[in-house]
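query30.csv (CSV, C-alpha atoms) appears below.
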```csv
chain,number,residue,atom,x,y,z
J,69,MET,CA,-63.8,23.3,48.3
J,70,LYS,CA,-63.8,20.9,45.4
J,71,LYS,CA,-60.5,19.0,44.8
J,72,PRO,CA,-59.0,18.6,41.3
J,73,THR,CA,-59.7,15.4,39.7
J,74,VAL,CA,-56.9,12.9,38.9
J,75,VAL,CA,-57.5,13.3,35.1
J,76,ALA,CA,-57.0,17.1,35.3
J,77,CYS,CA,-53.7,16.7,37.3
J,78,PHE,CA,-52.4,14.2,34.8
J,79,ALA,CA,-53.2,16.5,31.9
J,80,ALA,CA,-51.4,19.4,33.5
J,81,ILE,CA,-48.3,17.3,34.1
J,82,VAL,CA,-48.2,16.1,30.4
J,83,ALA,CA,-48.5,19.7,29.2
J,84,THR,CA,-45.7,20.9,31.4
J,85,THR,CA,-43.5,18.1,30.2
J,86,LEU,CA,-44.1,18.8,26.6
J,87,PHE,CA,-43.3,22.5,26.9
J,88,ALA,CA,-40.1,21.6,28.8
J,89,MET,CA,-38.7,19.1,26.2
J,90,PRO,CA,-35.8,20.4,24.1
J,91,ALA,CA,-36.1,20.7,20.3
J,92,TYR,CA,-34.0,17.7,19.3
J,93,ALA,CA,-34.7,18.3,15.6
J,94,GLU,CA,-32.8,21.6,15.9
J,95,ASP,CA,-29.9,20.1,17.9
J,96,PHE,CA,-29.4,17.3,15.4
J,97,PRO,CA,-29.9,18.6,11.8
J,98,SER,CA,-30.5,16.2,9.0
J,99,ALA,CA,-27.6,15.6,6.6
J,100,ILE,CA,-26.6,13.9,3.3
J,101,THR,CA,-23.4,11.8,3.5
J,102,VAL,CA,-21.6,10.8,0.3
J,103,SER,CA,-18.1,9.7,-0.8
J,104,GLY,CA,-16.1,11.4,-3.5
J,105,GLU,CA,-13.2,9.8,-5.5
J,106,ALA,CA,-10.4,11.0,-7.7
J,107,THR,CA,-7.2,9.5,-9.2
J,108,VAL,CA,-3.9,10.7,-10.5
J,109,SER,CA,-1.3,8.9,-12.6
J,110,VAL,CA,2.4,9.6,-11.9
J,111,ALA,CA,5.7,8.1,-12.8
J,112,PRO,CA,7.4,6.0,-10.0
J,113,ASP,CA,10.6,7.4,-8.5
J,114,LEU,CA,11.8,4.3,-6.6
J,115,ALA,CA,12.5,0.8,-7.6
J,116,GLN,CA,13.2,-2.3,-5.5
J,117,ILE,CA,14.6,-5.6,-6.5
J,118,ASP,CA,15.8,-8.8,-4.8
J,119,ALA,CA,19.1,-10.4,-5.9
J,120,GLY,CA,20.8,-13.5,-4.5
J,121,VAL,CA,23.5,-16.1,-5.0
J,122,ALA,CA,23.2,-19.8,-4.3
J,123,ASN,CA,26.1,-22.3,-4.1
J,124,ASP,CA,26.3,-26.1,-3.8
J,125,ALA,CA,29.2,-28.0,-2.2
J,126,LYS,CA,29.9,-31.3,-0.6
J,127,SER,CA,30.3,-29.9,2.9
J,128,ALA,CA,28.5,-27.1,4.7
J,129,LYS,CA,31.7,-25.1,5.1
J,130,GLU,CA,32.6,-25.3,1.5
J,131,ALA,CA,29.1,-24.2,0.5
J,132,SER,CA,29.1,-21.4,3.0
J,133,ASP,CA,32.6,-20.1,2.1
J,134,ALA,CA,31.7,-20.1,-1.6
J,135,ASN,CA,28.5,-18.3,-1.0
J,136,ASN,CA,30.2,-15.6,1.2
J,137,ALA,CA,32.7,-15.0,-1.5
J,138,ALA,CA,30.0,-14.8,-4.2
J,139,MET,CA,27.9,-12.4,-2.2
J,140,GLY,CA,30.9,-10.3,-1.5
J,141,LYS,CA,31.4,-9.7,-5.2
J,142,VAL,CA,27.8,-8.8,-5.6
J,143,LEU,CA,27.9,-6.2,-2.8
J,144,LEU,CA,31.1,-4.7,-4.2
J,145,ALA,CA,29.4,-4.4,-7.6
J,146,LEU,CA,26.5,-2.6,-6.0
J,147,LYS,CA,28.8,-0.2,-4.3
J,148,GLY,CA,30.7,0.3,-7.6
J,149,ALA,CA,27.4,1.1,-9.4
J,150,GLY,CA,26.8,4.0,-7.0
J,151,ILE,CA,24.2,2.3,-4.7
J,152,SER,CA,24.6,3.6,-1.2
J,153,GLU,CA,25.1,1.0,1.6
J,154,LYS,CA,21.9,2.2,3.3
J,155,ASP,CA,20.0,1.1,0.2
J,156,TYR,CA,20.8,-2.6,0.2
J,157,GLN,CA,20.1,-5.1,3.0
J,158,THR,CA,20.3,-8.8,3.5
J,159,SER,CA,16.8,-10.3,3.3
J,160,ARG,CA,17.5,-14.0,3.5
J,161,LEU,CA,20.4,-16.2,4.5
J,162,SER,CA,20.2,-20.0,4.6
J,163,LEU,CA,22.4,-23.2,4.6
J,164,GLN,CA,20.5,-26.4,4.0
J,165,PRO,CA,21.4,-30.1,3.4
J,166,GLN,CA,20.7,-31.6,0.0
J,167,TYR,CA,19.4,-35.2,-0.1
J,168,ALA,CA,19.7,-38.0,-2.6
J,169,PRO,CA,16.5,-39.0,-4.4
J,170,ASN,CA,14.3,-41.3,-2.4
J,171,ARG,CA,15.0,-45.0,-3.0
J,172,SER,CA,13.1,-48.1,-2.3
J,173,THR,CA,14.8,-48.4,1.0
J,174,GLY,CA,13.3,-45.1,2.1
J,175,ALA,CA,16.8,-43.7,3.1
J,176,ASN,CA,17.7,-40.2,2.1
J,177,PRO,CA,21.4,-39.7,2.6
J,178,VAL,CA,22.8,-36.2,2.6
J,179,VAL,CA,24.8,-35.7,-0.6
J,180,GLY,CA,25.8,-32.0,-0.1
J,181,PHE,CA,24.8,-28.6,1.1
J,182,ARG,CA,23.3,-25.5,-0.5
J,183,ALA,CA,24.1,-22.0,0.8
J,184,SER,CA,22.1,-19.0,-0.3
J,185,ASN,CA,22.1,-15.3,0.4
J,186,ARG,CA,19.6,-12.7,-0.8
J,187,VAL,CA,19.8,-8.9,-0.7
J,188,THR,CA,17.1,-6.3,-1.3
J,189,VAL,CA,18.2,-3.3,-3.3
J,190,LYS,CA,16.6,0.1,-3.5
J,191,ILE,CA,17.2,2.1,-6.7
J,192,ARG,CA,16.4,5.7,-6.3
J,193,ASP,CA,16.8,6.5,-10.0
J,194,VAL,CA,14.5,4.2,-11.9
J,195,THR,CA,16.3,4.9,-15.2
J,196,LYS,CA,19.2,2.8,-13.8
J,197,VAL,CA,17.2,-0.3,-13.0
J,198,ALA,CA,18.2,-2.2,-16.1
J,199,GLY,CA,21.8,-1.3,-15.7
J,200,ILE,CA,21.9,-2.4,-12.0
J,201,ILE,CA,20.3,-5.8,-13.0
J,202,ASP,CA,23.0,-6.3,-15.6
J,203,THR,CA,25.6,-5.4,-13.0
J,204,LEU,CA,24.2,-7.9,-10.5
J,205,VAL,CA,24.2,-10.7,-13.1
J,206,GLY,CA,27.7,-9.8,-14.2
J,207,ALA,CA,28.9,-10.0,-10.6
J,208,GLY,CA,27.5,-13.5,-10.2
J,209,ALA,CA,24.0,-13.1,-8.9
J,210,ASN,CA,22.0,-16.1,-10.1
J,211,ASP,CA,18.7,-15.4,-8.5
J,212,ILE,CA,17.0,-12.1,-9.3
J,213,GLY,CA,13.3,-11.3,-8.9
J,214,ASN,CA,10.5,-9.4,-7.1
J,215,ILE,CA,11.0,-6.1,-9.0
J,216,SER,CA,8.6,-3.4,-7.9
J,217,PHE,CA,8.1,0.3,-8.5
J,218,GLU,CA,6.9,2.9,-5.9
J,219,VAL,CA,5.8,6.5,-5.7
J,220,THR,CA,7.5,7.8,-2.5
J,221,GLN,CA,5.6,11.2,-2.4
J,222,ALA,CA,2.2,9.7,-2.9
J,223,SER,CA,0.4,11.8,-0.3
J,224,LYS,CA,1.8,15.1,-1.6
J,225,LEU,CA,1.0,14.2,-5.2
J,226,LEU,CA,-2.6,13.6,-4.3
J,227,ASP,CA,-3.3,17.2,-3.2
J,228,ASP,CA,-5.0,18.1,-6.5
J,229,ALA,CA,-6.9,14.8,-6.5
J,230,ARG,CA,-8.3,15.7,-3.0
J,231,GLU,CA,-9.9,18.8,-4.4
J,232,GLN,CA,-11.4,16.8,-7.2
J,233,ALA,CA,-12.7,14.2,-4.8
J,234,VAL,CA,-14.5,16.9,-2.7
J,235,ALA,CA,-16.0,18.3,-5.9
J,236,ASP,CA,-17.1,14.8,-6.8
J,237,ALA,CA,-18.7,14.4,-3.4
J,238,ARG,CA,-20.6,17.7,-3.8
J,239,ARG,CA,-21.8,16.7,-7.3
J,240,LYS,CA,-23.3,13.5,-5.8
J,241,ALA,CA,-24.8,15.3,-2.8
J,242,GLU,CA,-26.6,17.8,-5.1
J,243,ILE,CA,-28.1,15.0,-7.1
J,244,TYR,CA,-29.5,13.4,-3.9
J,245,ALA,CA,-30.7,16.8,-2.6
J,246,LYS,CA,-32.5,17.5,-5.9
J,247,ALA,CA,-34.1,14.1,-5.9
J,248,THR,CA,-35.4,14.5,-2.4
J,249,GLY,CA,-36.5,18.2,-2.6
J,250,VAL,CA,-34.0,19.8,-0.3
J,251,THR,CA,-31.0,22.1,-0.7
J,252,LEU,CA,-27.5,21.6,0.5
J,253,GLY,CA,-26.1,23.6,3.4
J,254,ALA,CA,-22.6,23.8,4.7
J,255,PRO,CA,-20.4,20.7,5.1
J,256,LEU,CA,-20.7,19.2,8.6
J,257,SER,CA,-17.7,16.8,8.4
J,258,ILE,CA,-15.0,15.7,6.0
J,259,SER,CA,-12.8,12.7,6.3
J,260,GLU,CA,-10.4,10.9,4.1
J,261,GLY,CA,-11.0,7.2,3.6
J,262,GLY,CA,-7.7,5.4,4.3
J,263,ALA,CA,-4.1,6.5,3.6
J,264,PRO,CA,-2.9,6.7,0.0
J,265,MET,CA,-0.8,3.6,-0.7
J,266,PRO,CA,1.8,3.3,-3.4
J,267,LEU,CA,1.2,0.5,-5.8
J,268,PHE,CA,3.7,-2.3,-6.6
J,269,LYS,CA,3.9,-4.0,-9.9
J,270,GLY,CA,5.9,-6.6,-11.7
J,271,ARG,CA,7.9,-9.7,-11.0
J,272,MET,CA,11.1,-10.8,-12.8
J,273,ALA,CA,12.0,-14.4,-13.3
J,274,ALA,CA,14.9,-15.7,-11.3
J,275,ALA,CA,17.4,-16.5,-14.1
J,276,PRO,CA,20.7,-15.1,-15.5
J,277,MET,CA,20.2,-12.9,-18.5
J,278,ALA,CA,22.5,-12.9,-21.5
J,279,ALA,CA,21.0,-9.8,-23.1
J,280,PRO,CA,20.6,-6.5,-21.3
J,281,ALA,CA,17.5,-6.4,-19.0
J,282,ALA,CA,14.4,-4.8,-20.5
J,283,VAL,CA,12.6,-2.9,-17.7
J,284,ALA,CA,9.5,-0.6,-18.1
J,285,PRO,CA,8.6,1.4,-15.0
J,286,GLY,CA,5.3,2.7,-16.6
J,287,GLU,CA,3.0,4.8,-14.4
J,288,GLU,CA,1.3,4.3,-11.0
J,289,THR,CA,-2.3,5.2,-10.4
J,290,LEU,CA,-3.0,6.7,-7.0
J,291,SER,CA,-6.5,7.2,-5.7
J,292,VAL,CA,-8.1,9.1,-2.8
J,293,THR,CA,-11.6,8.9,-1.3
J,294,VAL,CA,-13.3,11.5,0.9
J,295,ASN,CA,-16.4,11.1,3.0
J,296,VAL,CA,-18.4,14.4,3.3
J,297,SER,CA,-21.6,15.1,5.3
J,298,TRP,CA,-23.6,18.1,4.1
J,299,ALA,CA,-26.4,19.8,6.1
J,300,ILE,CA,-29.7,20.0,4.3
J,301,LYS,CA,-32.4,22.7,4.3
J,302,PRO,CA,-36.0,22.6,3.0
J,303,GLY,CA,-36.2,23.1,-0.7
J,304,GLN,CA,-36.9,26.6,-2.1
```

Kindly return the structure encoded in the file as structure tokens.
Amino acid sequence: MKKPTVVACFAAIVATTLFAMPAYAEDFPSAITVSGEATVSVAPDLAQIDAGVANDAKSAKEASDANNAAMGKVLLALKGAGISEKDYQTSRLSLQPQYAPNRSTGANPVVGFRASNRVTVKIRDVTKVAGIIDTLVGAGANDIGNISFEVTQASKLLDDAREQAVADARRKAEIYAKATGVTLGAPLSISEGGAPMPLFKGRMAAAPMAAPAAVAPGEETLSVTVNVSWAIKPGQ
């Protein structure tokens, strides 16, 4: 009896292996992945400002006592203006020596002390920002700045923009599908690129104001980006 040749056995093994291999192309369909974007402009509903007082004196105690009294008046003024205690918080407190100008001897004697105290204030009615600033200045605040506006419900306000962003992604995907001779199938995955962040604008000079403060909240532009993968099918 004639034995099978080595070549014949090898060919049989290869054929068996090929028929046993899974159809990877079917398990992993091709796709087009694009990003869609949309924006919405809304009025801010929260403002935040920093206000502070600074006092100079010959001794550290005198400077500190004067500063505590001055900040006490500022806090009372905030409370009197209807600002809740939860909406203002001390952000910086310092007591530092003040030195005489450098002389030829190189010695810098201490000539006094400066005490400062800053508070961050949240204003939940942006129409009252100018009035609150005037109140702070009238109460003795001599360092006001870092004004910012915020949209607190940014994610909720972006719901319509999310639909627009998905439509934008489909528009782009259809362009690529047409250019490559395929048609779009169902979306395979959808993800949102990053969390919507409220934007902050503006900075106010740290100086007392004789005239009423002029503040313009304007509008904030919020944006959303979605990443969508679409299945593709042979063109028809």

For Thr251 of chain J, which residue among J:Ala299, J:Arg192, J:Ser127, J:Asn210 is the nearest when counting all atoms listed in the file? J:Ala299

One decimal, Å: what's the distance from atom CA of Gly253 of chain J over to atom CA of Ser103 of chain J, could you say?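 Atom CA of Ser103 of chain J lies 16.6 Å from atom CA of Gly253 of chain J.
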
Long-range neighbours of Ala183 of chain J as a list in words, 9 Å cut-off, only C-alpha atoms, 6 positions minimum in chain: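 Counting only C-alpha atoms, the residues come to Val121, Ala122, Asn123, Asp124, Ala125, Ala128, Ala131, Ser132, Asp133, Ala134, Asn135, Asn136, Leu161, Ser162, Leu163, Gln164 and Pro165 of chain J.
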
Closest of J:Ala119, J:Leu143, J:Ile191, J:Val110 to Arg160 of chain J - atom-to-atom distances counting all atoms listed in the file: J:Ala119

Contacts of Asp155 of chain J within 12 Å, all atoms listed in the file, excl. fewer than 3 positions in-chain, as a PyMOL selection string: chain J and resi 114-118+143+146-147+150-152+158+187-193

List the spatial neighbours of Ser109 of chain J as a VMD selection string - criterion: any atom at most 7 Å away, all atoms listed in the file, same-chain residues fewer than 2 positions off excluded. chain J and resid 107 287 to 290

So the first atom is atom CA of Ala241 of chain J and the second is atom CA of Ala229 of chain J; what is the distance between them in Å, to one decimal place? 18.3 Å

Kindly indicate which residue among J:Pro169, J:Gly104, J:Pro177, J:Gly208 lies nearest to Ala137 of chain J, using only C-alpha atoms for the distances.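 Of the candidates, the smallest distance to Ala137 of chain J is held by J:Gly208.
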
Could you get me a file of segment 287-302 of chain J with N, CA and C atoms, as a PDB file, in the first residue's frame, taken from the block above?
```pdb
ATOM      1  N   GLU J 287     -23.257  87.511  27.686  1.00  0.00           N
ATOM      2  CA  GLU J 287     -23.701  86.135  27.512  1.00  0.00           C
ATOM      3  C   GLU J 287     -22.492  85.202  27.527  1.00  0.00           C
ATOM      4  N   GLU J 288     -22.749  83.964  27.913  1.00  0.00           N
ATOM      5  CA  GLU J 288     -21.719  82.938  27.881  1.00  0.00           C
ATOM      6  C   GLU J 288     -22.006  81.992  26.717  1.00  0.00           C
ATOM      7  N   THR J 289     -20.966  81.549  26.023  1.00  0.00           N
ATOM      8  CA  THR J 289     -21.103  80.583  24.947  1.00  0.00           C
ATOM      9  C   THR J 289     -20.658  79.215  25.452  1.00  0.00           C
ATOM     10  N   LEU J 290     -21.600  78.269  25.474  1.00  0.00           N
ATOM     11  CA  LEU J 290     -21.312  76.906  25.900  1.00  0.00           C
ATOM     12  C   LEU J 290     -21.228  76.015  24.673  1.00  0.00           C
ATOM     13  N   SER J 291     -20.350  75.050  24.706  1.00  0.00           N
ATOM     14  CA  SER J 291     -20.174  74.164  23.545  1.00  0.00           C
ATOM     15  C   SER J 291     -20.168  72.708  23.984  1.00  0.00           C
ATOM     16  N   VAL J 292     -20.542  71.834  23.063  1.00  0.00           N
ATOM     17  CA  VAL J 292     -20.523  70.399  23.319  1.00  0.00           C
ATOM     18  C   VAL J 292     -20.008  69.691  22.069  1.00  0.00           C
ATOM     19  N   THR J 293     -19.254  68.617  22.275  1.00  0.00           N
ATOM     20  CA  THR J 293     -18.710  67.807  21.185  1.00  0.00           C
ATOM     21  C   THR J 293     -19.085  66.351  21.412  1.00  0.00           C
ATOM     22  N   VAL J 294     -19.574  65.674  20.373  1.00  0.00           N
ATOM     23  CA  VAL J 294     -19.883  64.248  20.459  1.00  0.00           C
ATOM     24  C   VAL J 294     -19.061  63.493  19.425  1.00  0.00           C
ATOM     25  N   ASN J 295     -18.648  62.292  19.790  1.00  0.00           N
ATOM     26  CA  ASN J 295     -17.909  61.410  18.896  1.00  0.00           C
ATOM     27  C   ASN J 295     -18.807  60.223  18.565  1.00  0.00           C
ATOM     28  N   VAL J 296     -19.073  60.015  17.279  1.00  0.00           N
ATOM     29  CA  VAL J 296     -19.998  58.965  16.851  1.00  0.00           C
ATOM     30  C   VAL J 296     -19.320  58.063  15.831  1.00  0.00           C
ATOM     31  N   SER J 297     -19.462  56.747  16.041  1.00  0.00           N
ATOM     32  CA  SER J 297     -18.989  55.761  15.062  1.00  0.00           C
ATOM     33  C   SER J 297     -20.201  55.150  14.369  1.00  0.00           C
ATOM     34  N   TRP J 298     -20.197  55.206  13.037  1.00  0.00           N
ATOM     35  CA  TRP J 298     -21.303  54.659  12.256  1.00  0.00           C
ATOM     36  C   TRP J 298     -20.849  53.413  11.507  1.00  0.00           C
ATOM     37  N   ALA J 299     -21.669  52.382  11.527  1.00  0.00           N
ATOM     38  CA  ALA J 299     -21.398  51.199  10.692  1.00  0.00           C
ATOM     39  C   ALA J 299     -21.573  51.579   9.231  1.00  0.00           C
ATOM     40  N   ILE J 300     -20.826  50.966   8.367  1.00  0.00           N
ATOM     41  CA  ILE J 300     -20.964  51.246   6.932  1.00  0.00           C
ATOM     42  C   ILE J 300     -21.267  49.969   6.172  1.00  0.00           C
ATOM     43  N   LYS J 301     -21.998  50.159   5.054  1.00  0.00           N
ATOM     44  CA  LYS J 301     -22.389  49.039   4.194  1.00  0.00           C
ATOM     45  C   LYS J 301     -21.980  49.360   2.763  1.00  0.00           C
ATOM     46  N   PRO J 302     -21.835  48.347   1.944  1.00  0.00           N
ATOM     47  CA  PRO J 302     -21.481  48.613   0.529  1.00  0.00           C
ATOM     48  C   PRO J 302     -22.495  49.543  -0.102  1.00  0.00           C
TER      49      PRO J 302
END
```
